[in-house]
$ cat coords_6.cif   # mmCIF, C-alpha atoms and all ligand atoms; chains and numbers go by the auth columns
data_my_file
loop_
_atom_site.group_PDB
_atom_site.id
_atom_site.type_symbol
_atom_site.label_atom_id
_atom_site.label_comp_id
_atom_site.label_asym_id
_atom_site.label_seq_id
_atom_site.Cartn_x
_atom_site.Cartn_y
_atom_site.Cartn_z
_atom_site.B_iso_or_equiv
_atom_site.auth_seq_id
_atom_site.auth_asym_id
ATOM 1 C CA MET A 1 19.991 -12.278 4.692 0.00 1 A
ATOM 2 C CA ILE A 2 16.687 -13.910 3.808 0.00 2 A
ATOM 3 C CA THR A 3 16.089 -14.777 0.145 0.00 3 A
ATOM 4 C CA VAL A 4 12.629 -14.696 -1.470 0.00 4 A
ATOM 5 C CA ASP A 5 11.866 -16.331 -4.815 0.00 5 A
ATOM 6 C CA ALA A 6 10.681 -13.256 -6.749 0.00 6 A
ATOM 7 C CA LEU A 7 10.569 -11.710 -10.216 0.00 7 A
ATOM 8 C CA PRO A 8 12.676 -10.732 -12.063 0.00 8 A
ATOM 9 C CA TYR A 9 15.103 -12.508 -9.682 0.00 9 A
ATOM 10 C CA ASP A 10 15.545 -13.282 -5.984 0.00 10 A
ATOM 11 C CA PHE A 11 14.766 -10.489 -3.476 0.00 11 A
ATOM 12 C CA ARG A 12 17.005 -10.448 -0.402 0.00 12 A
ATOM 13 C CA PHE A 13 16.290 -8.694 2.898 0.00 13 A
ATOM 14 C CA GLU A 14 17.226 -8.490 6.567 0.00 14 A
ATOM 15 C CA PRO A 15 14.239 -8.188 8.947 0.00 15 A
ATOM 16 C CA GLU A 16 15.824 -5.374 10.985 0.00 16 A
ATOM 17 C CA SER A 17 16.136 -3.068 7.955 0.00 17 A
ATOM 18 C CA THR A 18 12.849 -4.010 6.253 0.00 18 A
ATOM 19 C CA ALA A 19 9.330 -2.597 6.618 0.00 19 A
ATOM 20 C CA ILE A 20 5.971 -3.745 5.344 0.00 20 A
ATOM 21 C CA VAL A 21 4.058 -0.779 3.924 0.00 21 A
ATOM 22 C CA SER A 22 0.321 -1.451 3.737 0.00 22 A
ATOM 23 C CA ILE A 23 -1.235 1.164 1.497 0.00 23 A
ATOM 24 C CA ASP A 24 -4.700 2.673 2.025 0.00 24 A
ATOM 25 C CA MET A 25 -6.597 -0.440 3.214 0.00 25 A
ATOM 26 C CA GLN A 26 -9.390 1.956 4.185 0.00 26 A
ATOM 27 C CA ARG A 27 -13.147 1.668 4.371 0.00 27 A
ATOM 28 C CA ASP A 28 -13.260 4.558 1.847 0.00 28 A
ATOM 29 C CA PHE A 29 -11.795 2.278 -0.845 0.00 29 A
ATOM 30 C CA ILE A 30 -13.089 -1.151 0.186 0.00 30 A
ATOM 31 C CA GLU A 31 -16.556 -0.775 1.707 0.00 31 A
ATOM 32 C CA PRO A 32 -19.926 0.207 0.206 0.00 32 A
ATOM 33 C CA GLY A 33 -20.568 3.953 0.433 0.00 33 A
ATOM 34 C CA GLY A 34 -16.875 4.888 0.434 0.00 34 A
ATOM 35 C CA PHE A 35 -14.947 7.046 -2.026 0.00 35 A
ATOM 36 C CA GLY A 36 -14.191 4.127 -4.396 0.00 36 A
ATOM 37 C CA ASP A 37 -17.799 2.961 -4.421 0.00 37 A
ATOM 38 C CA THR A 38 -19.165 6.466 -5.069 0.00 38 A
ATOM 39 C CA LEU A 39 -16.898 6.687 -8.129 0.00 39 A
ATOM 40 C CA GLY A 40 -18.752 3.642 -9.510 0.00 40 A
ATOM 41 C CA ASN A 41 -16.027 1.035 -8.928 0.00 41 A
ATOM 42 C CA ASP A 42 -16.449 -2.669 -8.185 0.00 42 A
ATOM 43 C CA ILE A 43 -15.218 -2.720 -4.577 0.00 43 A
ATOM 44 C CA SER A 44 -15.426 -6.530 -4.314 0.00 44 A
ATOM 45 C CA ARG A 45 -12.113 -6.750 -6.190 0.00 45 A
ATOM 46 C CA LEU A 46 -10.401 -4.887 -3.355 0.00 46 A
ATOM 47 C CA ALA A 47 -12.239 -6.701 -0.568 0.00 47 A
ATOM 48 C CA ALA A 48 -10.955 -9.989 -2.022 0.00 48 A
ATOM 49 C CA ILE A 49 -7.343 -9.316 -0.956 0.00 49 A
ATOM 50 C CA VAL A 50 -8.118 -8.573 2.705 0.00 50 A
ATOM 51 C CA PRO A 51 -7.256 -12.114 3.967 0.00 51 A
ATOM 52 C CA THR A 52 -3.974 -12.049 2.011 0.00 52 A
ATOM 53 C CA VAL A 53 -2.986 -8.659 3.419 0.00 53 A
ATOM 54 C CA ALA A 54 -3.874 -9.910 6.916 0.00 54 A
ATOM 55 C CA ALA A 55 -1.662 -12.981 6.378 0.00 55 A
ATOM 56 C CA LEU A 56 1.201 -10.811 5.095 0.00 56 A
ATOM 57 C CA LEU A 57 0.986 -8.542 8.152 0.00 57 A
ATOM 58 C CA ALA A 58 0.968 -11.584 10.457 0.00 58 A
ATOM 59 C CA TRP A 59 4.058 -12.914 8.634 0.00 59 A
ATOM 60 C CA GLY A 60 5.865 -9.582 8.973 0.00 60 A
ATOM 61 C CA ARG A 61 4.964 -9.209 12.651 0.00 61 A
ATOM 62 C CA ALA A 62 6.240 -12.726 13.376 0.00 62 A
ATOM 63 C CA LEU A 63 9.564 -11.852 11.712 0.00 63 A
ATOM 64 C CA GLY A 64 9.825 -8.561 13.636 0.00 64 A
ATOM 65 C CA LEU A 65 9.553 -6.304 10.577 0.00 65 A
ATOM 66 C CA THR A 66 8.608 -2.643 11.028 0.00 66 A
ATOM 67 C CA ILE A 67 4.969 -2.222 9.976 0.00 67 A
ATOM 68 C CA VAL A 68 3.681 0.966 8.336 0.00 68 A
ATOM 69 C CA HIS A 69 0.065 1.675 7.374 0.00 69 A
ATOM 70 C CA THR A 70 -0.961 4.573 5.138 0.00 70 A
ATOM 71 C CA ARG A 71 -4.288 6.333 4.721 0.00 71 A
ATOM 72 C CA GLU A 72 -5.258 8.675 1.903 0.00 72 A
ATOM 73 C CA ALA A 73 -6.634 11.442 4.099 0.00 73 A
ATOM 74 C CA HIS A 74 -7.212 15.173 3.825 0.00 74 A
ATOM 75 C CA LEU A 75 -7.464 17.825 6.515 0.00 75 A
ATOM 76 C CA PRO A 76 -11.076 18.766 7.372 0.00 76 A
ATOM 77 C CA ASP A 77 -10.603 22.220 5.775 0.00 77 A
ATOM 78 C CA LEU A 78 -9.282 20.522 2.598 0.00 78 A
ATOM 79 C CA SER A 79 -6.318 22.924 2.558 0.00 79 A
ATOM 80 C CA ASP A 80 -4.135 19.961 1.500 0.00 80 A
ATOM 81 C CA CYS A 81 -6.452 18.907 -1.352 0.00 81 A
ATOM 82 C CA PRO A 82 -5.642 20.718 -4.587 0.00 82 A
ATOM 83 C CA PRO A 83 -8.788 21.808 -6.474 0.00 83 A
ATOM 84 C CA ALA A 84 -7.489 19.821 -9.456 0.00 84 A
ATOM 85 C CA LYS A 85 -7.751 16.622 -7.399 0.00 85 A
ATOM 86 C CA ARG A 86 -11.175 17.459 -5.977 0.00 86 A
ATOM 87 C CA LEU A 87 -12.796 18.599 -9.189 0.00 87 A
ATOM 88 C CA ARG A 88 -11.292 16.328 -11.830 0.00 88 A
ATOM 89 C CA GLY A 89 -13.789 14.008 -13.501 0.00 89 A
ATOM 90 C CA ASN A 90 -16.663 16.200 -12.352 0.00 90 A
ATOM 91 C CA PRO A 91 -17.937 13.505 -9.942 0.00 91 A
ATOM 92 C CA LYS A 92 -21.437 13.737 -8.411 0.00 92 A
ATOM 93 C CA ILE A 93 -19.861 13.486 -4.953 0.00 93 A
ATOM 94 C CA ARG A 94 -16.401 14.878 -4.208 0.00 94 A
ATOM 95 C CA ILE A 95 -13.610 14.556 -1.629 0.00 95 A
ATOM 96 C CA GLY A 96 -14.872 16.301 1.517 0.00 96 A
ATOM 97 C CA ASP A 97 -18.557 15.807 0.720 0.00 97 A
ATOM 98 C CA PRO A 98 -20.713 13.893 3.221 0.00 98 A
ATOM 99 C CA GLY A 99 -21.314 10.218 2.443 0.00 99 A
ATOM 100 C CA PRO A 100 -22.777 7.256 4.348 0.00 100 A
ATOM 101 C CA MET A 101 -19.490 6.846 6.273 0.00 101 A
ATOM 102 C CA GLY A 102 -18.819 10.547 6.886 0.00 102 A
ATOM 103 C CA ARG A 103 -16.949 13.042 4.732 0.00 103 A
ATOM 104 C CA LEU A 104 -15.115 11.315 1.877 0.00 104 A
ATOM 105 C CA LEU A 105 -11.337 10.931 2.343 0.00 105 A
ATOM 106 C CA VAL A 106 -11.261 13.294 5.325 0.00 106 A
ATOM 107 C CA ARG A 107 -9.094 12.537 8.359 0.00 107 A
ATOM 108 C CA GLY A 108 -10.904 11.125 11.366 0.00 108 A
ATOM 109 C CA GLU A 109 -14.122 10.251 9.520 0.00 109 A
ATOM 110 C CA PRO A 110 -15.411 6.651 9.912 0.00 110 A
ATOM 111 C CA GLY A 111 -14.882 5.874 6.214 0.00 111 A
ATOM 112 C CA ASN A 112 -11.298 7.064 6.367 0.00 112 A
ATOM 113 C CA GLN A 113 -10.265 4.367 8.872 0.00 113 A
ATOM 114 C CA ILE A 114 -8.357 1.235 7.989 0.00 114 A
ATOM 115 C CA ILE A 115 -10.672 -1.785 7.907 0.00 115 A
ATOM 116 C CA PRO A 116 -10.535 -3.765 11.183 0.00 116 A
ATOM 117 C CA GLN A 117 -9.146 -6.998 9.653 0.00 117 A
ATOM 118 C CA VAL A 118 -5.844 -5.263 8.731 0.00 118 A
ATOM 119 C CA ALA A 119 -5.861 -2.356 11.211 0.00 119 A
ATOM 120 C CA PRO A 120 -2.644 -1.126 12.849 0.00 120 A
ATOM 121 C CA LEU A 121 -1.621 -2.740 16.129 0.00 121 A
ATOM 122 C CA PRO A 122 -0.333 -0.544 18.965 0.00 122 A
ATOM 123 C CA GLY A 123 3.162 0.725 18.140 0.00 123 A
ATOM 124 C CA GLU A 124 2.825 0.361 14.362 0.00 124 A
ATOM 125 C CA LEU A 125 3.407 3.449 12.224 0.00 125 A
ATOM 126 C CA VAL A 126 0.463 5.214 10.557 0.00 126 A
ATOM 127 C CA VAL A 127 0.925 7.836 7.839 0.00 127 A
ATOM 128 C CA ASP A 128 -1.854 10.142 6.624 0.00 128 A
ATOM 129 C CA LYS A 129 -1.066 11.197 3.076 0.00 129 A
ATOM 130 C CA PRO A 130 -2.763 13.868 0.984 0.00 130 A
ATOM 131 C CA GLY A 131 -1.352 12.511 -2.274 0.00 131 A
ATOM 132 C CA LYS A 132 -1.282 9.191 -4.064 0.00 132 A
ATOM 133 C CA GLY A 133 2.372 8.601 -3.137 0.00 133 A
ATOM 134 C CA ALA A 134 3.095 7.949 0.551 0.00 134 A
ATOM 135 C CA PHE A 135 6.284 10.063 0.550 0.00 135 A
ATOM 136 C CA TYR A 136 4.703 13.249 -0.818 0.00 136 A
ATOM 137 C CA ALA A 137 3.969 15.809 1.966 0.00 137 A
ATOM 138 C CA THR A 138 4.378 13.225 4.755 0.00 138 A
ATOM 139 C CA THR A 139 7.016 12.254 7.319 0.00 139 A
ATOM 140 C CA LEU A 140 7.306 8.705 5.943 0.00 140 A
ATOM 141 C CA GLY A 141 10.892 9.192 4.737 0.00 141 A
ATOM 142 C CA ALA A 142 12.009 10.520 8.128 0.00 142 A
ATOM 143 C CA MET A 143 10.187 7.702 9.952 0.00 143 A
ATOM 144 C CA LEU A 144 11.853 5.025 7.826 0.00 144 A
ATOM 145 C CA GLU A 145 15.242 6.655 8.291 0.00 145 A
ATOM 146 C CA ALA A 146 14.753 6.790 12.062 0.00 146 A
ATOM 147 C CA HIS A 147 14.015 3.040 12.044 0.00 147 A
ATOM 148 C CA GLY A 148 17.010 2.222 9.807 0.00 148 A
ATOM 149 C CA ILE A 149 14.796 0.877 7.023 0.00 149 A
ATOM 150 C CA ARG A 150 16.272 0.286 3.546 0.00 150 A
ATOM 151 C CA ARG A 151 13.829 -2.248 2.050 0.00 151 A
ATOM 152 C CA LEU A 152 10.060 -2.140 1.696 0.00 152 A
ATOM 153 C CA ILE A 153 7.600 -4.983 1.225 0.00 153 A
ATOM 154 C CA VAL A 154 4.514 -3.297 -0.184 0.00 154 A
ATOM 155 C CA CYS A 155 0.833 -4.261 -0.348 0.00 155 A
ATOM 156 C CA GLY A 156 -2.546 -2.513 -0.534 0.00 156 A
ATOM 157 C CA VAL A 157 -4.804 -0.602 -2.879 0.00 157 A
ATOM 158 C CA THR A 158 -4.986 0.364 -5.597 0.00 158 A
ATOM 159 C CA THR A 159 -2.172 -1.270 -7.533 0.00 159 A
ATOM 160 C CA GLU A 160 -1.863 1.264 -10.346 0.00 160 A
ATOM 161 C CA VAL A 161 -2.568 4.387 -8.290 0.00 161 A
ATOM 162 C CA CYS A 162 -1.322 4.734 -4.695 0.00 162 A
ATOM 163 C CA VAL A 163 0.671 1.486 -4.613 0.00 163 A
ATOM 164 C CA GLN A 164 2.496 2.189 -7.857 0.00 164 A
ATOM 165 C CA THR A 165 3.085 5.873 -7.058 0.00 165 A
ATOM 166 C CA THR A 166 4.549 4.975 -3.657 0.00 166 A
ATOM 167 C CA LEU A 167 6.812 2.320 -5.203 0.00 167 A
ATOM 168 C CA ARG A 168 8.137 4.818 -7.740 0.00 168 A
ATOM 169 C CA GLU A 169 8.742 7.413 -5.029 0.00 169 A
ATOM 170 C CA ALA A 170 10.530 4.803 -2.891 0.00 170 A
ATOM 171 C CA ASN A 171 12.650 3.647 -5.825 0.00 171 A
ATOM 172 C CA ASP A 172 13.791 7.199 -6.514 0.00 172 A
ATOM 173 C CA ARG A 173 14.758 7.521 -2.842 0.00 173 A
ATOM 174 C CA GLY A 174 16.963 4.431 -3.001 0.00 174 A
ATOM 175 C CA TYR A 175 14.732 1.849 -1.274 0.00 175 A
ATOM 176 C CA GLU A 176 14.668 -1.708 -2.581 0.00 176 A
ATOM 177 C CA CYS A 177 11.047 -2.757 -2.825 0.00 177 A
ATOM 178 C CA LEU A 178 9.067 -5.948 -3.236 0.00 178 A
ATOM 179 C CA LEU A 179 5.406 -5.726 -4.250 0.00 179 A
ATOM 180 C CA VAL A 180 3.336 -8.670 -2.976 0.00 180 A
ATOM 181 C CA GLU A 181 1.336 -9.556 -6.072 0.00 181 A
ATOM 182 C CA ASP A 182 -1.778 -11.048 -4.465 0.00 182 A
ATOM 183 C CA ALA A 183 -1.809 -8.588 -1.555 0.00 183 A
ATOM 184 C CA ALA A 184 -2.494 -5.667 -3.893 0.00 184 A
ATOM 185 C CA ALA A 185 -5.586 -5.008 -5.987 0.00 185 A
ATOM 186 C CA SER A 186 -7.143 -2.700 -8.510 0.00 186 A
ATOM 187 C CA TYR A 187 -10.755 -2.042 -9.419 0.00 187 A
ATOM 188 C CA PHE A 188 -9.527 -3.022 -12.916 0.00 188 A
ATOM 189 C CA PRO A 189 -7.845 -6.478 -13.093 0.00 189 A
ATOM 190 C CA ALA A 190 -6.050 -5.638 -16.358 0.00 190 A
ATOM 191 C CA TYR A 191 -4.440 -2.594 -14.745 0.00 191 A
ATOM 192 C CA HIS A 192 -3.247 -4.749 -11.833 0.00 192 A
ATOM 193 C CA ALA A 193 -1.595 -7.260 -14.158 0.00 193 A
ATOM 194 C CA GLN A 194 -0.045 -4.597 -16.372 0.00 194 A
ATOM 195 C CA THR A 195 1.292 -2.642 -13.411 0.00 195 A
ATOM 196 C CA LEU A 196 3.106 -5.728 -12.086 0.00 196 A
ATOM 197 C CA GLU A 197 4.651 -6.285 -15.543 0.00 197 A
ATOM 198 C CA MET A 198 5.653 -2.648 -15.857 0.00 198 A
ATOM 199 C CA LEU A 199 7.241 -2.326 -12.415 0.00 199 A
ATOM 200 C CA ARG A 200 9.382 -5.479 -12.651 0.00 200 A
ATOM 201 C CA SER A 201 10.328 -5.094 -16.349 0.00 201 A
ATOM 202 C CA GLN A 202 13.835 -4.186 -17.515 0.00 202 A
ATOM 203 C CA GLY A 203 15.486 -6.123 -14.692 0.00 203 A
ATOM 204 C CA GLY A 204 13.205 -4.733 -11.962 0.00 204 A
ATOM 205 C CA ILE A 205 13.355 -1.103 -13.006 0.00 205 A
ATOM 206 C CA VAL A 206 11.098 -0.092 -10.107 0.00 206 A
ATOM 207 C CA CYS A 207 10.786 -3.183 -7.880 0.00 207 A
ATOM 208 C CA TRP A 208 10.557 -6.951 -7.464 0.00 208 A
ATOM 209 C CA THR A 209 7.234 -8.815 -7.286 0.00 209 A
ATOM 210 C CA ALA A 210 6.324 -12.124 -5.611 0.00 210 A
ATOM 211 C CA PRO A 211 3.165 -13.845 -4.369 0.00 211 A
ATOM 212 C CA LEU A 212 2.592 -14.183 -0.623 0.00 212 A
ATOM 213 C CA ALA A 213 3.344 -17.917 -0.930 0.00 213 A
ATOM 214 C CA SER A 214 6.988 -17.106 -1.730 0.00 214 A
ATOM 215 C CA LEU A 215 7.314 -15.139 1.519 0.00 215 A
ATOM 216 C CA LEU A 216 5.584 -17.827 3.585 0.00 216 A
ATOM 217 C CA GLN A 217 7.918 -20.399 2.036 0.00 217 A
ATOM 218 C CA VAL A 218 10.905 -18.525 3.450 0.00 218 A
ATOM 219 C CA THR A 219 9.674 -18.774 7.036 0.00 219 A
ATOM 220 C CA ALA A 220 8.671 -22.419 6.563 0.00 220 A
ATOM 221 C CA GLU A 221 12.278 -23.149 5.531 0.00 221 A
ATOM 222 C CA LEU A 222 13.710 -21.139 8.462 0.00 222 A
ATOM 223 C CA GLU A 223 11.519 -23.117 10.880 0.00 223 A
ATOM 224 C CA THR A 224 12.622 -26.457 9.368 0.00 224 A
ATOM 225 C CA ARG A 225 16.261 -25.485 9.935 0.00 225 A
ATOM 226 C CA THR A 226 15.766 -24.639 13.646 0.00 226 A
HETATM 227 C C1 LIG B . -7.067 6.132 -5.349 0.00 1 B
HETATM 228 C C2 LIG B . -5.554 4.844 -3.975 0.00 1 B
HETATM 229 N N1 LIG B . -7.198 5.169 -6.250 0.00 1 B
HETATM 230 N N2 LIG B . -5.336 4.519 -2.699 0.00 1 B
HETATM 231 N N3 LIG B . -6.342 5.932 -4.213 0.00 1 B
HETATM 232 O O1 LIG B . -7.615 7.198 -5.493 0.00 1 B
HETATM 233 O O2 LIG B . -5.120 4.146 -4.871 0.00 1 B
#
$ encode --input "coords_6.cif" --output "structure tokens"
Amino acid sequence: MITVDALPYDFRFEPESTAIVSIDMQRDFIEPGGFGDTLGNDISRLAAIVPTVAALLAWGRALGLTIVHTREAHLPDLSDCPPAKRLRGNPKIRIGDPGPMGRLLVRGEPGNQIIPQVAPLPGELVVDKPGKGAFYATTLGAMLEAHGIRRLIVCGVTTEVCVQTTLREANDRGYECLLVEDAAASYFPAYHAQTLEMLRSQGGIVCWTAPLASLLQVTAELETRT
């Protein structure tokens, strides 16, 4: 067992039964002209965590963790996009409409790809999800079961939407989860901070949280011992 200094108390995991889940690190949320940008958000807040997510993935790969990447992605005919999701907020440009990087949030379009700095390596798992949660209408649960995974180390965007929804879904399915505080981001810094508080309150009612430094510390100690 490896122990990480986390809140509200230590998080313990074994590499063979632990996966990193990197949520929606897509051009559509992080780059100019994507879905997030067209909704009027400050995308620089999300771009700022890219080096931290890259470092977390490198850490997980070195430890032999299973790596999962998710993409918020709809079928080209939008049959998996409820009208309520597409129409809500009455945006000027909607899911499925053409944008500078192709059709917004549609599978296979350039904007729907994961940004190169944190892109999947060959053999890593990739899940296209039509919802905010990564378990809803996907094979994620079956994939994790097939790999014998019981613990998730979670990062990505946005903290209070797809990251939080996925953590709550995972918690209800019996996974023990750690959210990496500085490897997740929101367009709204207050929402990020409040989501961390909410998720780890009441003795970790949904999950643990820790900064990347706490995870790196673990491997530094393992290396000193060998
Ligand atoms: C949103 C997400 N915010 N990945 N998606 O629509 O959080």
$ residues_near_ligand --input "coords_6.cif" --ligand "ligand LIG 1 (chain B)" --cutoff "10 Å" --atoms "all atoms listed in the file" --output "PDB file with C-alpha atoms, in the coordinates of the input"
ATOM      1  CA  ILE A  23      -1.235   1.164   1.497  1.00  0.00           C
ATOM      2  CA  ASP A  24      -4.700   2.673   2.025  1.00  0.00           C
ATOM      3  CA  MET A  25      -6.597  -0.440   3.214  1.00  0.00           C
ATOM      4  CA  GLN A  26      -9.390   1.956   4.185  1.00  0.00           C
ATOM      5  CA  ASP A  28     -13.260   4.558   1.847  1.00  0.00           C
ATOM      6  CA  PHE A  29     -11.795   2.278  -0.845  1.00  0.00           C
ATOM      7  CA  PHE A  35     -14.947   7.046  -2.026  1.00  0.00           C
ATOM      8  CA  GLY A  36     -14.191   4.127  -4.396  1.00  0.00           C
ATOM      9  CA  LEU A  39     -16.898   6.687  -8.129  1.00  0.00           C
ATOM     10  CA  THR A  70      -0.961   4.573   5.138  1.00  0.00           C
ATOM     11  CA  ARG A  71      -4.288   6.333   4.721  1.00  0.00           C
ATOM     12  CA  GLU A  72      -5.258   8.675   1.903  1.00  0.00           C
ATOM     13  CA  ALA A  73      -6.634  11.442   4.099  1.00  0.00           C
ATOM     14  CA  LYS A  85      -7.751  16.622  -7.399  1.00  0.00           C
ATOM     15  CA  LEU A 105     -11.337  10.931   2.343  1.00  0.00           C
ATOM     16  CA  LYS A 129      -1.066  11.197   3.076  1.00  0.00           C
ATOM     17  CA  GLY A 131      -1.352  12.511  -2.274  1.00  0.00           C
ATOM     18  CA  LYS A 132      -1.282   9.191  -4.064  1.00  0.00           C
ATOM     19  CA  GLY A 133       2.372   8.601  -3.137  1.00  0.00           C
ATOM     20  CA  ALA A 134       3.095   7.949   0.551  1.00  0.00           C
ATOM     21  CA  GLY A 156      -2.546  -2.513  -0.534  1.00  0.00           C
ATOM     22  CA  VAL A 157      -4.804  -0.602  -2.879  1.00  0.00           C
ATOM     23  CA  THR A 158      -4.986   0.364  -5.597  1.00  0.00           C
ATOM     24  CA  THR A 159      -2.172  -1.270  -7.533  1.00  0.00           C
ATOM     25  CA  GLU A 160      -1.863   1.264 -10.346  1.00  0.00           C
ATOM     26  CA  VAL A 161      -2.568   4.387  -8.290  1.00  0.00           C
ATOM     27  CA  CYS A 162      -1.322   4.734  -4.695  1.00  0.00           C
ATOM     28  CA  VAL A 163       0.671   1.486  -4.613  1.00  0.00           C
ATOM     29  CA  GLN A 164       2.496   2.189  -7.857  1.00  0.00           C
ATOM     30  CA  THR A 165       3.085   5.873  -7.058  1.00  0.00           C
ATOM     31  CA  THR A 166       4.549   4.975  -3.657  1.00  0.00           C
ATOM     32  CA  ALA A 185      -5.586  -5.008  -5.987  1.00  0.00           C
ATOM     33  CA  SER A 186      -7.143  -2.700  -8.510  1.00  0.00           C
ATOM     34  CA  TYR A 187     -10.755  -2.042  -9.419  1.00  0.00           C
TER      35      TYR A 187
END
$ closest_residue --input "coords_6.cif" --among "A:Pro83, A:Pro122, A:Pro100, A:Pro8" --to "Arg61 (chain A)" --atoms "all atoms listed in the file"
A:Pro122
$ closest_residue --input "coords_6.cif" --among "A:Gly123, A:Val50, A:Thr38, A:Ser22" --to "Asp97 (chain A)" --atoms "all atoms listed in the file"
A:Thr38
$ residues_around --input "coords_6.cif" --residues "Pro82 (chain A)" --least-positions-apart "6" --cutoff "12 Å" --atoms "all atoms listed in the file" --output "number ranges by chain"
A: 74-75, 88, 95-96, 130-131
$ axis_aligned_box --input "coords_6.cif" --around "region 134-151 of chain A" --padding-each-side "3 Å" --output "lines of an AutoDock Vina configuration file"
center_x = 10.1
center_y = 6.8
center_z = 5.6
size_x = 19.9
size_y = 24.1
size_z = 18.9
$ atom_distance --input "coords_6.cif" --atom1 "CA of Gln117 (chain A)" --atom2 "CA of His69 (chain A)"
12.9 Å
$ closest_residue --input "coords_6.cif" --among "A:Thr139, A:Thr66, A:Thr195, A:Asn171" --to "Glu14 (chain A)" --atoms "all atoms listed in the file"
A:Thr66
$ atom_distance --input "coords_6.cif" --atom1 "CA of Trp208 (chain A)" --atom2 "CA of Val127 (chain A)"
23.4 Å
$ resolve_selection --input "coords_6.cif" --expression "the PyMOL selection byres (((chain A and resi 214) around 12) and not hetatm)" --output "list of chain:residue names"
A:Ile2, A:Thr3, A:Val4, A:Asp5, A:Ala6, A:Leu7, A:Asp10, A:Phe11, A:Leu56, A:Trp59, A:Leu178, A:Leu179, A:Val180, A:Glu181, A:Asp182, A:Thr209, A:Ala210, A:Pro211, A:Leu212, A:Ala213, A:Leu215, A:Leu216, A:Gln217, A:Val218, A:Thr219, A:Ala220, A:Glu221
$ write_last_selection --input "coords_6.cif" --atoms "C-alpha atoms" --output "short mmCIF file (atom, residue, chain, number, x, y, z; two decimals), in the frame of the given file"
data_model
loop_
_atom_site.label_atom_id
_atom_site.label_comp_id
_atom_site.auth_asym_id
_atom_site.auth_seq_id
_atom_site.Cartn_x
_atom_site.Cartn_y
_atom_site.Cartn_z
CA ILE A 2 16.69 -13.91 3.81
CA THR A 3 16.09 -14.78 0.14
CA VAL A 4 12.63 -14.70 -1.47
CA ASP A 5 11.87 -16.33 -4.82
CA ALA A 6 10.68 -13.26 -6.75
CA LEU A 7 10.57 -11.71 -10.22
CA ASP A 10 15.54 -13.28 -5.98
CA PHE A 11 14.77 -10.49 -3.48
CA LEU A 56 1.20 -10.81 5.10
CA TRP A 59 4.06 -12.91 8.63
CA LEU A 178 9.07 -5.95 -3.24
CA LEU A 179 5.41 -5.73 -4.25
CA VAL A 180 3.34 -8.67 -2.98
CA GLU A 181 1.34 -9.56 -6.07
CA ASP A 182 -1.78 -11.05 -4.46
CA THR A 209 7.23 -8.82 -7.29
CA ALA A 210 6.32 -12.12 -5.61
CA PRO A 211 3.16 -13.84 -4.37
CA LEU A 212 2.59 -14.18 -0.62
CA ALA A 213 3.34 -17.92 -0.93
CA LEU A 215 7.31 -15.14 1.52
CA LEU A 216 5.58 -17.83 3.58
CA GLN A 217 7.92 -20.40 2.04
CA VAL A 218 10.90 -18.52 3.45
CA THR A 219 9.67 -18.77 7.04
CA ALA A 220 8.67 -22.42 6.56
CA GLU A 221 12.28 -23.15 5.53
#
$ closest_residue --input "coords_6.cif" --among "A:His192, A:His147, A:Arg94, A:Arg107" --to "Thr18 (chain A)" --atoms "all atoms listed in the file"
A:His147
$ resolve_selection --input "coords_6.cif" --expression "the PyMOL selection byres (((chain A and resi 176) around 8) and not hetatm)" --output "ChimeraX atom specification"
/A:150-152,170-171,174-175,177-178,207
$ closest_residue --input "coords_6.cif" --among "A:Ala190, A:Ile67, A:Ala183, A:Met143" --to "Val21 (chain A)" --atoms "only C-alpha atoms"
A:Ile67
